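What follows is one structure encoded as structure tokens, with my remarks underneath.
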Amino acid sequence: MREIDVAVVGGGVTGILAARKLMNTGFRVLVLDKSKSVGGRLATRRIGGGRADHGAQFFTVRTDSFQELVDEWRTNGWVSKWFGEKHPRYKAVNGMNQLVKNLANEVPLQLVSKVERIERNEEKYVVFSEKGEQVKSSAILFTPPAPQTLELLENSEVLLSEEASKTLKEITFDPALVGLLTMSGETAGLSLEGHKDSHLPDGIERIVDNQVKGISDEKIISIYATPAFSKAYDHQDDESVLELMLGKLGHLLPHEAIISRQLKRWRYAQAKHVHHHPFLQVSTNEAIYVAGDAFLQKNDPAGKTRVESAVLSGLSVAEELQRYLNEKAST
Ligand SMILES: Cc1cc2nc3c(=O)[nH]c(=O)nc-3n(C[C@H](O)[C@H](O)[C@H](O)COP(=O)(O)OP(=O)(O)OC[C@H]3O[C@@H](n4cnc5c(N)ncnc54)[C@H](O)[C@@H]3O)c2cc1C
């Protein structure tokens, strides 16, 4: 059985940044993700000869520590400014997913590996995947959205304190429905940058032309429904949801120009209720930590989940894990 210092569950930006930081200080890590690729909600889908971002479209920067990192990413050619002056929106080159792939470049990964439960093994833990893989580690970091992490912990033979359980239960997420259209011709009514998030019909939050954004050779449009619309119509089939969305947008996206269409459903998109500490330890007796975008810094300047809160949570929990592992090694 493979043995490491920290098993990181989830290869979104939180998990990958935490793993990178631990790896760079000499710890053995492994990131397990259920998907075929890292990135999580920094998601880009290939459609025909084009690409579409269908999770986060951009990120903003409100803290010096994140700005430092973003400047590094800009120097590497991984991200660039998209639009906006006060809090510029940054996009990733070749799609948001590519940023996490770049960050994960040297990080040991085990993909298509859905973690099912963990068990204690003397002083260590064993992580079990759905496919029967087992990994032994001294500590575990969970980074899926809190409701999924809670379910995993409840299926595991570890101590989850009442307080930690309560905190995880309080973190709730809104769903999101995102329509993806391949189109012919030009789109009218979007900004020069290919983005629109105002003066849209009720139920529609944002429209993005991925070709104008610069990440796709073909014209693929991402349409984001509001949380209220997403909640109200989540039970309907894909075609009915797309019809409802397009019924509202005929003036911007004429039916006759649509070549193909599909729907992406996010069960956990952005957190409605957050926790004001950058990570959580499941109990004082366990080396099991939980982090992610819903775990905000105490003085978070925006007060909401976003790429920046995920990054800062990942870096903070890695620091705590370094402290824990160093202390353990010295006793
Ligand atoms: C539709 C949408 C729009 C958004 N818009 C913006 C925006 O404009 N600006 C912004 O800053 N942010 C936006 N966000 C939020 C942003 O994408 C997230 O805050 C950030 O990507 C969260 O990263 P994370 O690593 O914490 O979580 P995730 O990216 O969710 O990563 C968790 C990972 O865990 C994996 N996983 C889950 N369960 C298991 C399991 N059992 N075993 C193994 N792996 C597992 C998942 O596959 C996933 O890769 C948006 C999100 C969505 C969905």
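Ordered as shown in the structure tokens, chains take letters A, B, and onward, while each chain numbers its residues from 1 and ligands are numbered from 1 in the order shown.
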Practice prompt. Please identify every polymer residue within 7 Å of ligand 1, using only C-alpha atoms and all ligand atoms, and present the set as a ChimeraX atom specification.
Written response: /A:9-15,32-35,38-42,54-60,113-116,143-145,148,152,176,178,224,266,268-270,292-293,305-310
Pull the closest atom pair for each residue of segment 217-304 of chain A that gets at most 10 Å from segment 189-198 of chain A, along with the distance in Å to one decimal, counting only C-alpha atoms, ordering rows by chain and then ascending residue number, as CSV.
residue,atom,partner,partner_atom,distance
A:Ile221,CA,A:Gly194,CA,9.3
A:Ser222,CA,A:His195,CA,9.7
A:Ile223,CA,A:Lys196,CA,9.8
A:Tyr224,CA,A:Asp197,CA,9.4
A:His251,CA,A:Gly189,CA,9.0
A:Leu252,CA,A:Gly189,CA,6.3
A:Leu253,CA,A:Gly189,CA,9.3
Discussion item. Please return, as a ChimeraX atom specification, all residues of segment 23-230 of chain A that DSSP assigns to alpha helix (DSSP H) on the basis of the backbone.
Written reply: /A:23-24,64-75,96-103,146-154,162-170,210-213,227-230
Worksheet item: So which one's closest to Gly203 of chain A, A:Leu321, A:Ser80, A:Ala228, A:Asp53? Using only C-alpha atoms, please.
Response: A:Ala228
Fill in: Backbone DSSP call of strand (DSSP E or B) for segment 156-323 of chain A, listed as a ChimeraX atom specification
/A:157,173-183,195-196,204-209,220-225,258-271,275,280-281,288-290,295
Fill in: Proximity to Ala7 of chain A - best of A:Phe229, A:Phe279, A:Tyr125, A:Trp82, only C-alpha atoms
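For Ala7 of chain A, the nearest of the given residues is A:Tyr125.
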Item to complete: Compile the contact shell of Ala92 of chain A as a list in words: residues with an atom at most 9 Å away, counting only C-alpha atoms, same-chain residues fewer than 2 positions apart removed.
Response: Gln57, Phe58, Gly77, Trp78, Val79, Ser80, Lys81, Trp82, Tyr90, Asn94, Gly95, Met96, Asn97, Gln98, Leu99 and Ile215 of chain A
Discussion item. Could you check the closest approach to Gly303 of chain A for each of A:Val158, A:Gln236, A:Ser137, A:Lys272 and tell me which residue wins, using only C-alpha atoms?
Written reply: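 Distance minimum relative to Gly303 of chain A lands on A:Lys272.
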Worksheet entry | One-decimal distance in Å that lies between atom CA of His277 of chain A and atom CA of Phe295 of chain A | 5.6 Å
